[in-house]
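*Asks:* So here's model-v8.txt (compact mmCIF, C-alpha atoms).
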```
# COMPACT_ATOMS: atom_id res chain seq x y z
CA MET A 179 -25.37 -7.60 -3.66
CA ARG A 180 -24.62 -4.02 -2.61
CA VAL A 181 -21.02 -3.45 -1.55
CA LEU A 182 -19.56 -0.33 0.04
CA VAL A 183 -15.77 -0.15 -0.10
CA LEU A 184 -14.16 2.17 2.45
CA THR A 185 -10.46 2.92 2.20
CA LEU A 186 -8.06 5.60 3.40
CA GLY A 187 -4.37 6.17 2.68
CA THR A 188 -2.04 6.92 -0.18
CA ARG A 189 -2.49 5.64 -3.73
CA GLY A 190 -1.25 2.17 -2.80
CA ASP A 191 -4.08 1.92 -0.25
CA VAL A 192 -6.72 2.94 -2.78
CA GLN A 193 -5.70 1.53 -6.16
CA PRO A 194 -6.22 -2.20 -5.38
CA PHE A 195 -9.87 -1.56 -4.56
CA LEU A 196 -10.58 -0.10 -8.01
CA PRO A 197 -10.27 -3.40 -9.94
CA LEU A 198 -12.13 -5.10 -7.09
CA THR A 199 -15.02 -2.67 -7.56
CA ARG A 200 -14.93 -3.12 -11.34
CA GLU A 201 -15.16 -6.89 -10.99
CA LEU A 202 -18.11 -6.57 -8.63
CA HIS A 203 -19.88 -4.48 -11.26
CA ARG A 204 -18.95 -6.94 -14.00
CA ARG A 205 -20.74 -9.67 -12.05
CA GLY A 206 -23.86 -7.56 -11.72
CA HIS A 207 -23.40 -6.28 -8.17
CA GLN A 208 -23.76 -2.69 -7.00
CA ALA A 209 -20.50 -1.34 -5.58
CA VAL A 210 -19.21 2.07 -4.59
CA ILE A 211 -15.71 2.95 -3.45
CA ALA A 212 -15.44 5.68 -0.81
CA ALA A 213 -11.91 7.07 -0.62
CA PRO A 214 -10.12 10.41 -0.08
CA GLN A 215 -11.40 13.06 -2.45
CA ARG A 216 -7.96 13.49 -4.05
CA PHE A 217 -8.46 10.11 -5.75
CA ALA A 218 -11.66 11.04 -7.59
CA GLU A 219 -9.80 11.35 -10.90
CA LEU A 220 -8.12 7.97 -10.40
CA ALA A 221 -11.51 6.35 -9.76
CA ALA A 222 -12.94 8.02 -12.85
CA ALA A 223 -10.07 6.61 -14.94
CA HIS A 224 -11.15 3.14 -13.81
CA ALA A 225 -14.85 3.91 -14.41
CA VAL A 226 -16.04 3.02 -10.91
CA PRO A 227 -18.65 4.86 -8.78
CA PHE A 228 -16.87 7.05 -6.26
CA PHE A 229 -17.83 8.75 -3.00
CA ALA A 230 -15.39 11.41 -1.80
CA LEU A 231 -14.20 11.20 1.80
CA ASP A 232 -12.42 14.03 3.55
CA ASP A 233 -8.65 13.76 3.03
CA GLY A 234 -8.17 13.74 6.79
CA PRO A 235 -4.65 12.71 7.86
CA LEU A 236 -3.41 12.76 4.26
CA ARG A 237 -2.99 16.48 4.73
CA VAL A 238 0.12 15.66 6.72
CA LEU A 239 1.69 14.53 3.45
CA ASP A 240 0.84 17.86 1.87
CA ALA A 241 3.07 19.67 4.34
CA GLY A 242 6.28 19.07 2.41
CA SER A 243 8.75 17.42 4.79
CA ALA A 244 6.18 16.41 7.42
CA VAL A 245 6.69 12.68 6.94
CA GLY A 246 10.44 13.05 7.22
CA ASP A 247 10.13 15.32 10.24
CA VAL A 248 8.06 12.72 12.08
CA ALA A 249 10.10 9.69 11.00
CA GLU A 250 13.42 11.31 11.89
CA GLY A 251 12.37 13.79 14.56
CA GLY A 252 12.24 11.53 17.59
CA LEU A 253 9.58 11.10 20.25
CA ARG A 254 8.60 14.78 20.40
CA ALA A 255 7.66 14.92 16.71
CA LYS A 256 5.78 11.64 16.92
CA ALA A 257 3.88 12.78 20.01
CA ALA A 258 2.91 16.03 18.29
CA LEU A 259 1.52 14.12 15.31
CA MET A 260 -0.38 11.72 17.58
CA ARG A 261 -2.12 14.69 19.18
CA ARG A 262 -3.15 16.07 15.78
CA LEU A 263 -4.33 12.88 14.07
CA PRO A 264 -7.56 12.09 15.99
CA GLU A 265 -9.16 15.43 15.13
CA MET A 266 -8.29 14.85 11.45
CA PHE A 267 -10.57 11.79 11.49
CA SER A 268 -13.78 13.47 12.67
CA GLN A 269 -14.95 14.44 9.18
CA VAL A 270 -13.66 11.16 7.69
CA LEU A 271 -15.91 9.21 10.06
CA ALA A 272 -18.91 11.40 9.30
CA ASP A 273 -18.31 10.98 5.57
CA CYS A 274 -18.08 7.20 5.90
CA TRP A 275 -21.52 7.08 7.46
CA GLN A 276 -22.86 9.40 4.77
CA ALA A 277 -21.44 7.05 2.13
CA ALA A 278 -23.50 4.25 3.70
CA SER A 279 -26.75 6.21 3.58
CA ASP A 280 -28.14 4.06 0.76
CA GLY A 281 -27.38 0.87 2.68
CA ALA A 282 -25.17 -2.11 1.81
CA ASP A 283 -25.10 -5.88 2.12
CA VAL A 284 -21.34 -6.00 2.78
CA ILE A 285 -18.81 -3.42 3.95
CA VAL A 286 -15.26 -3.87 2.66
CA HIS A 287 -12.67 -1.73 4.43
CA ASN A 288 -8.92 -1.43 4.77
CA GLY A 289 -8.69 -0.84 8.51
CA GLN A 290 -6.92 2.51 8.16
CA VAL A 291 -10.25 4.22 7.57
CA ILE A 292 -11.20 3.05 11.14
CA ALA A 293 -14.92 3.26 10.31
CA GLY A 294 -15.59 0.01 8.47
CA GLN A 295 -16.67 -2.42 11.19
CA HIS A 296 -18.71 0.30 12.95
CA VAL A 297 -20.66 1.20 9.81
CA ALA A 298 -21.31 -2.51 9.22
CA GLU A 299 -22.46 -2.96 12.83
CA LYS A 300 -24.92 -0.10 12.49
CA LEU A 301 -26.29 -1.52 9.24
CA GLY A 302 -26.37 -5.06 10.63
CA VAL A 303 -24.27 -6.46 7.76
CA PRO A 304 -20.90 -8.26 7.56
CA ALA A 305 -17.64 -6.31 7.50
CA VAL A 306 -14.70 -7.66 5.53
CA LEU A 307 -11.23 -6.38 6.33
CA ALA A 308 -9.25 -6.17 3.08
CA LEU A 309 -5.71 -4.88 2.70
CA PRO A 310 -2.48 -5.30 0.71
CA LEU A 311 -0.31 -6.23 3.69
CA PRO A 312 -0.52 -8.72 6.58
CA MET A 313 -0.91 -6.22 9.42
CA TYR A 314 -3.82 -7.48 11.51
CA VAL A 315 -3.80 -11.27 11.81
CA PRO A 316 -1.06 -12.53 14.16
CA THR A 317 1.25 -15.34 13.09
CA HIS A 318 4.32 -17.14 14.40
CA GLU A 319 5.91 -17.06 10.94
CA PHE A 320 6.95 -13.40 10.76
CA PRO A 321 6.77 -10.32 13.00
CA TRP A 322 4.26 -7.50 12.66
CA PRO A 323 5.11 -5.56 9.48
CA GLY A 324 4.22 -2.21 11.04
CA GLN A 325 7.61 -1.90 12.75
CA ASP A 326 11.17 -2.69 11.72
CA PHE A 327 11.80 -5.74 13.90
CA PRO A 328 14.96 -7.89 13.73
CA ASP A 329 15.02 -10.49 10.97
CA ARG A 330 14.95 -13.55 13.19
CA LEU A 331 12.85 -13.29 16.30
CA PRO A 332 11.75 -16.44 18.16
CA ARG A 333 8.44 -17.68 16.80
CA ALA A 334 6.61 -16.87 20.03
CA LEU A 335 7.87 -13.29 19.91
CA ASN A 336 6.76 -12.92 16.30
CA ARG A 337 3.17 -13.39 17.34
CA ALA A 338 3.53 -11.06 20.32
CA THR A 339 4.66 -8.17 18.09
CA TYR A 340 1.14 -7.89 16.65
CA ALA A 341 0.18 -6.11 19.84
CA GLY A 342 1.35 -3.10 17.81
CA MET A 343 -2.05 -3.11 16.11
CA ARG A 344 -3.59 -1.95 19.39
CA ALA A 345 -2.12 1.51 18.75
CA PRO A 346 -5.02 2.74 16.56
CA ALA A 347 -7.52 1.87 19.31
CA LEU A 348 -5.46 3.81 21.84
CA MET A 349 -4.97 6.78 19.52
CA PHE A 350 -8.45 7.06 18.00
CA GLY A 351 -10.61 5.22 20.52
CA ARG A 352 -12.20 8.30 22.12
CA THR A 353 -12.90 9.90 18.73
CA VAL A 354 -14.52 6.71 17.44
CA ASP A 355 -16.53 6.18 20.62
CA ARG A 356 -18.00 9.68 20.40
CA TRP A 357 -18.96 8.97 16.81
CA ARG A 358 -20.46 5.59 17.77
CA GLU A 359 -22.63 7.35 20.34
CA LYS A 360 -24.02 9.59 17.60
CA LEU A 361 -24.85 6.46 15.59
CA GLY A 362 -26.57 4.91 18.61
CA LEU A 363 -24.05 2.08 18.93
CA PRO A 364 -23.20 0.76 22.41
CA ARG A 365 -19.77 0.32 23.87
CA ARG A 366 -18.76 -3.32 23.74
CA ARG A 367 -15.67 -5.42 24.13
CA GLY A 368 -13.59 -5.64 20.94
CA ARG A 369 -15.38 -2.79 19.18
CA HIS A 370 -12.07 -1.35 17.94
CA ASP A 371 -10.72 -4.66 16.60
CA PRO A 372 -11.59 -5.00 12.89
CA THR A 373 -10.74 -8.71 12.93
CA ARG A 374 -13.72 -9.40 15.23
CA ARG A 375 -17.46 -9.38 14.51
CA PRO A 376 -19.82 -7.70 17.00
CA ASP A 377 -20.62 -11.16 18.42
CA GLY A 378 -16.91 -11.76 19.10
CA GLY A 379 -16.33 -14.23 16.28
CA PRO A 380 -13.58 -13.80 13.70
CA ALA A 381 -14.31 -11.42 10.82
CA PRO A 382 -13.26 -12.29 7.25
CA VAL A 383 -9.89 -10.86 6.22
CA LEU A 384 -8.76 -10.73 2.58
CA HIS A 385 -5.08 -10.11 1.91
CA ALA A 386 -4.45 -8.72 -1.58
CA ILE A 387 -1.02 -10.33 -1.83
CA SER A 388 0.29 -13.00 -4.15
CA PRO A 389 0.93 -16.34 -2.42
CA ALA A 390 4.13 -16.44 -4.50
CA VAL A 391 5.32 -13.43 -2.51
CA LEU A 392 3.85 -14.34 0.88
CA PRO A 393 2.45 -17.85 1.33
CA ARG A 394 -0.51 -18.03 3.67
CA PRO A 395 0.73 -18.69 7.24
CA ALA A 396 -0.31 -22.10 8.51
CA ASP A 397 -1.48 -20.72 11.87
CA TRP A 398 -3.94 -18.20 10.45
CA PRO A 399 -7.65 -18.87 11.07
CA ASP A 400 -9.79 -20.09 8.17
CA THR A 401 -11.34 -16.62 7.93
CA ALA A 402 -8.01 -15.10 6.75
CA GLN A 403 -7.18 -15.57 3.06
CA VAL A 404 -4.35 -14.67 0.69
CA THR A 405 -6.12 -14.01 -2.60
CA GLY A 406 -3.40 -12.79 -4.94
CA TYR A 407 -2.79 -9.15 -5.87
CA TRP A 408 -5.65 -6.98 -7.10
CA PHE A 409 -4.29 -5.44 -10.28
CA ALA A 410 -6.26 -3.38 -12.75
CA GLU A 411 -7.26 -5.16 -15.93
CA PRO A 412 -5.14 -4.28 -18.99
CA THR A 413 -8.29 -2.86 -20.61
CA ALA A 414 -8.93 -0.38 -17.79
CA PRO A 415 -8.93 3.22 -19.03
CA ALA A 416 -5.73 5.13 -18.36
CA ALA A 417 -4.67 8.74 -18.63
CA GLY A 418 -1.31 7.92 -20.26
CA ASP A 419 1.90 6.53 -18.82
CA GLY A 420 2.87 9.80 -17.14
CA LEU A 421 6.27 9.94 -18.85
CA SER A 422 8.08 12.91 -20.31
CA ASP A 423 9.48 12.75 -23.84
CA HIS A 424 12.99 12.49 -22.38
CA ALA A 425 11.95 9.49 -20.27
CA ARG A 426 10.46 7.74 -23.31
CA THR A 427 13.71 8.31 -25.18
CA LEU A 428 15.63 6.61 -22.37
CA LEU A 429 13.22 3.66 -22.36
CA ASP A 430 13.72 3.24 -26.10
CA GLY A 431 17.51 3.61 -25.86
CA PRO A 432 20.17 0.89 -26.06
CA MET A 433 20.64 0.67 -22.27
CA PRO A 434 17.51 0.05 -20.16
CA PRO A 435 17.27 2.73 -17.47
CA VAL A 436 16.91 2.40 -13.72
CA PHE A 437 13.56 3.57 -12.36
CA VAL A 438 13.79 5.49 -9.07
CA GLY A 439 10.72 6.59 -7.15
CA PHE A 440 10.15 7.04 -3.42
CA GLY A 441 6.60 8.41 -3.47
CA SER A 442 6.41 10.99 -0.68
CA MET A 443 9.23 9.30 1.23
CA ALA A 444 12.35 11.43 0.86
CA GLY A 445 12.89 12.55 4.44
CA ARG A 446 13.36 16.12 5.58
CA PHE A 447 15.78 16.97 2.79
CA PRO A 448 14.32 15.89 -0.58
CA ALA A 449 16.80 17.99 -2.59
CA GLU A 450 19.73 16.23 -0.90
CA THR A 451 18.11 12.84 -1.47
CA THR A 452 17.70 13.70 -5.15
CA ARG A 453 21.38 14.62 -5.42
CA ILE A 454 22.39 11.31 -3.81
CA VAL A 455 20.19 9.39 -6.27
CA LEU A 456 21.69 11.12 -9.30
CA ASP A 457 25.27 10.70 -8.06
CA ALA A 458 24.60 7.02 -7.34
CA LEU A 459 23.20 6.45 -10.83
CA ASP A 460 26.27 8.16 -12.32
CA ARG A 461 28.58 6.02 -10.20
CA ALA A 462 26.69 2.89 -11.25
CA GLY A 463 27.01 3.99 -14.88
CA LEU A 464 23.31 3.63 -15.66
CA PRO A 465 20.70 6.10 -16.93
CA GLY A 466 17.74 6.74 -14.70
CA ILE A 467 14.10 7.75 -14.79
CA VAL A 468 13.44 9.54 -11.51
CA ALA A 469 9.83 10.01 -10.42
CA GLY A 470 9.05 12.95 -8.18
CA GLY A 471 6.00 11.27 -6.66
CA TRP A 472 4.16 13.17 -3.92
CA GLY A 473 6.99 15.69 -3.40
CA GLY A 474 9.46 12.94 -2.53
CA LEU A 475 12.18 13.89 -5.04
CA GLN A 476 12.93 17.25 -6.59
CA PRO A 477 12.96 18.30 -10.28
CA PHE A 478 16.31 18.54 -12.05
CA THR A 479 17.77 18.97 -15.53
CA SER A 480 20.05 16.26 -16.94
CA ASP A 481 20.87 14.81 -20.33
CA ARG A 482 21.65 11.42 -18.81
CA HIS A 483 18.64 11.11 -16.49
CA ALA A 484 14.99 12.06 -16.85
CA PHE A 485 12.71 13.56 -14.20
CA VAL A 486 9.01 12.70 -14.20
CA SER A 487 6.42 14.59 -12.18
CA GLY A 488 2.99 13.26 -11.32
CA GLU A 489 1.83 9.65 -11.50
CA VAL A 490 3.68 7.03 -13.54
CA ASP A 491 1.95 3.97 -15.00
CA HIS A 492 3.97 1.23 -13.33
CA GLU A 493 2.65 -1.46 -15.65
CA ALA A 494 3.79 0.45 -18.72
CA VAL A 495 7.22 1.39 -17.36
CA PHE A 496 8.58 -1.14 -14.86
CA ALA A 497 9.01 -4.12 -17.19
CA ARG A 498 11.16 -1.97 -19.52
CA CYS A 499 13.65 -0.96 -16.81
CA ALA A 500 16.87 -2.67 -15.76
CA VAL A 501 16.24 -2.16 -12.03
CA ILE A 502 13.39 -0.68 -10.00
CA VAL A 503 14.50 1.40 -7.00
CA HIS A 504 11.69 2.31 -4.62
CA HIS A 505 10.71 2.84 -1.01
CA GLY A 506 9.05 -0.52 -0.43
CA GLY A 507 5.41 0.49 -0.23
CA ALA A 508 3.10 -2.49 -0.62
CA GLY A 509 1.62 -1.31 -3.92
CA THR A 510 4.92 -0.40 -5.54
CA THR A 511 6.50 -3.66 -4.36
CA ALA A 512 3.63 -5.60 -5.91
CA ALA A 513 3.95 -3.78 -9.23
CA ALA A 514 7.73 -4.26 -9.31
CA ALA A 515 7.45 -7.95 -8.49
CA ARG A 516 4.80 -8.45 -11.17
CA ALA A 517 7.03 -6.71 -13.73
CA GLY A 518 9.67 -9.38 -13.17
CA ARG A 519 12.56 -6.97 -12.73
CA PRO A 520 15.23 -6.85 -9.97
CA GLN A 521 14.56 -4.33 -7.23
CA VAL A 522 16.48 -2.14 -4.81
CA ILE A 523 14.31 -1.21 -1.85
CA CYS A 524 15.11 1.86 0.25
CA PRO A 525 12.67 1.60 3.16
CA PHE A 526 11.71 4.57 5.29
CA VAL A 527 8.80 3.84 7.64
CA GLY A 528 6.01 1.41 8.45
CA ASP A 529 5.82 -1.82 6.49
CA GLN A 530 8.53 -0.82 4.01
CA PRO A 531 11.41 -2.63 5.81
CA PHE A 532 9.24 -5.76 5.88
CA TRP A 533 8.84 -5.74 2.09
CA GLY A 534 12.52 -4.93 1.63
CA ARG A 535 13.53 -8.03 3.59
CA ARG A 536 10.85 -10.08 1.85
CA MET A 537 12.15 -9.23 -1.63
CA GLN A 538 15.70 -9.99 -0.49
CA HIS A 539 14.54 -13.35 0.90
CA LEU A 540 12.87 -14.16 -2.42
CA GLY A 541 16.14 -13.43 -4.24
CA VAL A 542 14.90 -10.52 -6.36
CA ALA A 543 16.67 -7.71 -4.49
CA PRO A 544 19.91 -7.10 -2.58
CA ALA A 545 19.80 -6.15 1.10
CA PRO A 546 17.62 -3.07 1.69
CA VAL A 547 19.33 0.32 1.68
CA SER A 548 17.79 2.56 4.34
CA LEU A 549 16.37 5.78 2.95
CA LYS A 550 16.98 7.50 6.28
CA SER A 551 20.76 7.06 5.91
CA LEU A 552 21.05 6.98 2.12
CA GLU A 553 24.58 7.30 0.73
CA VAL A 554 25.88 7.49 -2.81
CA ARG A 555 28.19 4.52 -2.50
CA SER A 556 25.72 2.10 -0.85
CA LEU A 557 22.97 2.93 -3.33
CA ALA A 558 25.31 2.68 -6.32
CA VAL A 559 26.61 -0.71 -5.16
CA ALA A 560 23.07 -2.04 -4.67
CA VAL A 561 21.92 -0.79 -8.08
CA ARG A 562 24.95 -2.26 -9.81
CA GLN A 563 24.46 -5.59 -8.02
CA ALA A 564 20.81 -5.76 -9.07
CA ALA A 565 21.70 -4.84 -12.65
CA ASP A 566 24.58 -7.32 -13.00
CA ASP A 567 23.30 -10.40 -11.16
CA ALA A 568 21.94 -12.72 -13.86
CA GLY A 569 20.57 -15.11 -11.24
CA MET A 570 18.63 -12.31 -9.58
CA ALA A 571 17.16 -11.29 -12.95
CA GLU A 572 16.07 -14.87 -13.68
CA THR A 573 14.52 -15.23 -10.23
CA ALA A 574 12.67 -11.92 -10.64
CA GLU A 575 11.28 -13.00 -14.01
CA ARG A 576 10.09 -16.34 -12.58
CA LEU A 577 8.42 -14.54 -9.68
CA GLY A 578 6.75 -12.10 -12.07
CA GLY A 579 5.46 -14.99 -14.16
CA ARG A 580 3.88 -16.65 -11.13
CA ILE A 581 2.25 -13.39 -10.06
CA ARG A 582 0.89 -12.68 -13.53
CA VAL A 583 -1.12 -15.93 -13.55
CA ASP A 584 -2.80 -15.12 -10.23
CA ASP A 585 -6.39 -13.95 -10.38
CA GLY A 586 -6.67 -12.26 -7.02
CA VAL A 587 -9.66 -10.10 -7.91
CA THR A 588 -11.75 -13.12 -8.89
CA VAL A 589 -10.80 -14.97 -5.69
CA ALA A 590 -11.68 -11.91 -3.61
CA VAL A 591 -15.08 -11.36 -5.22
CA ASP A 592 -15.87 -15.07 -4.83
CA ALA A 593 -15.15 -14.66 -1.11
CA LEU A 594 -17.34 -11.56 -0.84
CA GLU A 595 -20.24 -13.37 -2.51
CA GLN A 596 -19.88 -16.17 0.05
CA VAL A 597 -19.80 -13.68 2.92
CA ALA A 598 -22.95 -11.96 1.65
CA ALA A 599 -24.75 -15.25 1.19
CA ALA A 600 -23.86 -16.34 4.72
CA GLY A 601 -24.97 -12.94 6.05
CA ARG A 602 -28.38 -13.34 4.44
```
Written as structure tokens, that's how I'd like the structure from this file.

*Replies:*
Amino acid sequence: MRVLVLTLGTRGDVQPFLPLTRELHRRGHQAVIAAPQRFAELAAAHAVPFFALDDGPLRVLDAGSAVGDVAEGGLRAKAALMRRLPEMFSQVLADCWQAASDGADVIVHNGQVIAGQHVAEKLGVPAVLALPLPMYVPTHEFPWPGQDFPDRLPRALNRATYAGMRAPALMFGRTVDRWREKLGLPRRRGRHDPTRRPDGGPAPVLHAISPAVLPRPADWPDTAQVTGYWFAEPTAPAAGDGLSDHARTLLDGPMPPVFVGFGSMAGRFPAETTRIVLDALDRAGLPGIVAGGWGGLQPFTSDRHAFVSGEVDHEAVFARCAVIVHHGGAGTTAAAARAGRPQVICPFVGDQPFWGRRMQHLGVAPAPVSLKSLEVRSLAVAVRQAADDAGMAETAERLGGRIRVDDGVTVAVDALEQVAAAGR
């Protein structure tokens, strides 16, 4: 079986597909992951074949405070970004087709790359939508995670909120249609819906989420699965834990530190957010390891707290911390839940409020603390609550234990083998 994996996004959108690709190779299949070129080194560390896609819209994250400007800048800033994004995808789409030049029996894609089902249609092979969050398949059980909806909507309204997934078709439809014309593909109903096959039937959807965190909704079609998280094997090569000597000293000290990392999500004023974090840690009376991420938090000098630049090995660090404070990205939430430690989630945009509420519902985190309106007192109170609540710690450890026995990668590859066999 030849599998082409297409994914676009930040590290949390790429990393789960690396162990998936490794498992495909272990079973004797041919598999290549095509992802933004900035993740070539990450793919090499996992020893998987890699095809570099243009970074496309990720360049927005390179512009310092761009994410914060859009999230907090109102309709004008959002409209300006919407005008820029389609042109950023032109080279991404071309690269995706180039990645498929050797053919494939199955296309696995994360939706955000917006090319997956079209490449599969051109090749005449199945497309499998695969992603670490439940964004595409409507359900009555919870609202669409792409927007911060109220906690308790009527069940009928929950399902209606998934109309939000029509936005990519509206935003990128013309760009994709021009590209489809170059590939010789016709316009057809549902061509922009990755949950539908070209014949109109439901496409397979694999959700890389633990059923202990999000049980499979009863009203999902049989084609939608919850496989368990796709974590890298412990034996996968690594480039170190990413920690400074000061951070290792804190981890080995008498008081477990608090980990704080917001990725690229620090708003328009990352220096101010960093100051709030440090003051909150001081008020809570706990040492902290603060990860700069993708420009999200700023470097500092402190005897009590350690700053870490670059990538941090979550598996090596999280389980040794008292509390994990993060922005609520799907990948970071998964790693924190697996580590079995209490969390404090400071959501900013997208699906992050959804995961913040989900962790609170599971009893492993206090109420989310919005990153957009972060204050010293509210963050310090949340951190202290997570550190002191013995029941929360026990619940987090039980949840971590359930997640650690999942074998999501095996379940996912089993499903892909079935899809390929049915396609043949």

*Asks:* Write out as a ChimeraX atom specification the residues lying within 8 Å of region 593-601 of chain A, counting all atoms listed in the file and excluding same-chain residues fewer than 2 positions away.

*Replies:* /A:179,283-284,303-304,306,382,589-591

*Asks:* With all atoms listed in the file as the atoms that count, which of A:Thr452, A:Gln295, A:Ser442, A:Gln208 lies nearest to Gly471 (chain A)?

*Replies:*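 The answer is A:Ser442, which sits nearest to Gly471 (chain A).
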
*Asks:* Pick out the closest residue to Ala508 (chain A) from this set: A:Arg369, A:His539, A:His385, A:Arg330. Count all atoms listed in the file.

*Replies:*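 Of A:Arg369, A:His539, A:His385, A:Arg330, the one nearest Ala508 (chain A), counting all atoms listed in the file, is A:His385.
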
*Asks:* Find the residues near region 230-235 of chain A: any atom within 12 Å, counting all atoms listed in the file, skip ones fewer than 4 places away on the same chain, and give them as an MDAnalysis selection string.

*Replies:* chainID A and resid 183:188 210:222 239:241 244:245 259:278 290:293

*Asks:* So that I can see what lies close to Leu384 (chain A), please list as a VMD selection string the residues with an atom at most 8 Å from it, counting all atoms listed in the file and leaving out residues fewer than 4 positions away in the same chain.

*Replies:* chain A and resid 306 to 309 402 to 405 590
